[in-house]
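Data block below; observations after.
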Amino acid sequence: MKYEQDDKKKHLEFIQLAINRMASNSFILKGWNITLIVGLFALALNDLSLSFLYLAILPAFAFWGLDAYYLRQE
């Protein structure tokens, strides 16, 4: 009986570690997303080019999809 409780506790700890790791990855992806988009906006303002603004949409959607993937896995 004691072993079953210990096994369940270890299993729940394992699941919690996996969830924490995915939440950490999601947070890191959001940081990269903001950094990349702000960089592209800075280039757009520097060159006065709309192409960088349109280019910023692609990583936003890519990171949005990855974040949704991690949230779905949690």
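In the structure tokens, the first chain shown is A, the next is B, and so on; residue numbers restart at 1 for each chain, and ligands run from 1 in the order shown.
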For stretch 62-68 of chain A, work out the shell of residues within 9 Å, counting only C-alpha atoms and skipping chain neighbours fewer than 5 positions away, then give it as a VMD selection string. chain A and resid 25 to 27 29 to 30 32 to 33 57 73
Can I get the selection written as a short mmCIF file (atom, residue, chain, number, x, y, z; two decimals), in the first residue's frame, with all heavy atoms?
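File written: out-v6.cif
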data_model
loop_
_atom_site.label_atom_id
_atom_site.label_comp_id
_atom_site.auth_asym_id
_atom_site.auth_seq_id
_atom_site.Cartn_x
_atom_site.Cartn_y
_atom_site.Cartn_z
N ASN A 25 9.15 26.81 -21.61
CA ASN A 25 9.37 26.93 -23.05
C ASN A 25 8.40 27.93 -23.67
O ASN A 25 8.78 28.72 -24.54
CB ASN A 25 9.22 25.58 -23.73
CG ASN A 25 10.38 24.66 -23.45
OD1 ASN A 25 11.45 25.10 -23.05
ND2 ASN A 25 10.17 23.38 -23.65
N SER A 26 7.17 27.93 -23.23
CA SER A 26 6.18 28.87 -23.73
C SER A 26 6.59 30.30 -23.39
O SER A 26 6.48 31.20 -24.23
CB SER A 26 4.81 28.54 -23.13
OG SER A 26 3.86 29.47 -23.55
N PHE A 27 7.07 30.52 -22.18
CA PHE A 27 7.51 31.85 -21.76
C PHE A 27 8.70 32.32 -22.59
O PHE A 27 8.76 33.47 -23.01
CB PHE A 27 7.85 31.83 -20.27
CG PHE A 27 8.30 33.15 -19.74
CD1 PHE A 27 7.40 34.17 -19.51
CD2 PHE A 27 9.65 33.37 -19.47
CE1 PHE A 27 7.82 35.39 -19.03
CE2 PHE A 27 10.07 34.59 -18.99
CZ PHE A 27 9.15 35.61 -18.76
N LEU A 29 9.46 31.36 -25.63
CA LEU A 29 8.98 31.65 -26.98
C LEU A 29 8.34 33.04 -27.06
O LEU A 29 8.53 33.76 -28.04
CB LEU A 29 7.96 30.60 -27.43
CG LEU A 29 8.53 29.28 -27.90
CD1 LEU A 29 7.40 28.30 -28.17
CD2 LEU A 29 9.36 29.46 -29.13
N LYS A 30 7.59 33.40 -26.03
CA LYS A 30 6.98 34.74 -26.02
C LYS A 30 8.04 35.82 -25.98
O LYS A 30 7.91 36.87 -26.63
CB LYS A 30 6.04 34.86 -24.83
CG LYS A 30 4.78 34.05 -24.98
CD LYS A 30 3.93 34.10 -23.74
CE LYS A 30 2.76 33.15 -23.86
NZ LYS A 30 1.97 33.08 -22.63
N TRP A 32 11.16 35.59 -27.20
CA TRP A 32 11.77 35.66 -28.52
C TRP A 32 10.84 36.34 -29.52
O TRP A 32 11.30 37.07 -30.41
CB TRP A 32 12.11 34.25 -29.02
CG TRP A 32 13.43 33.78 -28.52
CD1 TRP A 32 13.64 32.87 -27.52
CD2 TRP A 32 14.71 34.19 -28.96
NE1 TRP A 32 14.98 32.69 -27.34
CE2 TRP A 32 15.66 33.49 -28.21
CE3 TRP A 32 15.15 35.09 -29.93
CZ2 TRP A 32 17.03 33.66 -28.38
CZ3 TRP A 32 16.52 35.25 -30.11
CH2 TRP A 32 17.43 34.55 -29.34
N ASN A 33 9.56 36.10 -29.39
CA ASN A 33 8.59 36.71 -30.29
C ASN A 33 8.63 38.22 -30.16
O ASN A 33 8.68 38.94 -31.16
CB ASN A 33 7.19 36.17 -29.99
CG ASN A 33 6.16 36.61 -30.99
OD1 ASN A 33 6.49 37.02 -32.09
ND2 ASN A 33 4.91 36.52 -30.62
N ILE A 57 4.64 39.96 -39.29
CA ILE A 57 3.43 39.16 -39.09
C ILE A 57 3.75 37.65 -39.12
O ILE A 57 3.18 36.88 -38.34
CB ILE A 57 2.37 39.51 -40.16
CG1 ILE A 57 1.88 40.93 -39.92
CG2 ILE A 57 1.21 38.54 -40.12
CD1 ILE A 57 0.98 41.45 -41.01
N GLN A 73 -0.47 21.03 -24.99
CA GLN A 73 0.21 19.89 -24.40
C GLN A 73 0.09 19.89 -22.87
O GLN A 73 0.09 18.83 -22.24
CB GLN A 73 1.69 19.90 -24.78
CG GLN A 73 1.95 19.63 -26.22
CD GLN A 73 1.49 18.26 -26.66
OE1 GLN A 73 1.62 17.29 -25.93
NE2 GLN A 73 0.91 18.18 -27.85
#
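Atom CA of A:Arg72 is positioned 27.8 Å from atom CA of A:Tyr54.
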Could you tell me how far atom CA of A:Gly39 lies from atom CA of A:Ala56, in Å and to one decimal? 8.9 Å
Of the listed residues A:Ile15, A:Asn46, A:Ile34, A:Gln5, that which approaches A:Ala60 most closely, counting only C-alpha atoms: A:Ile34
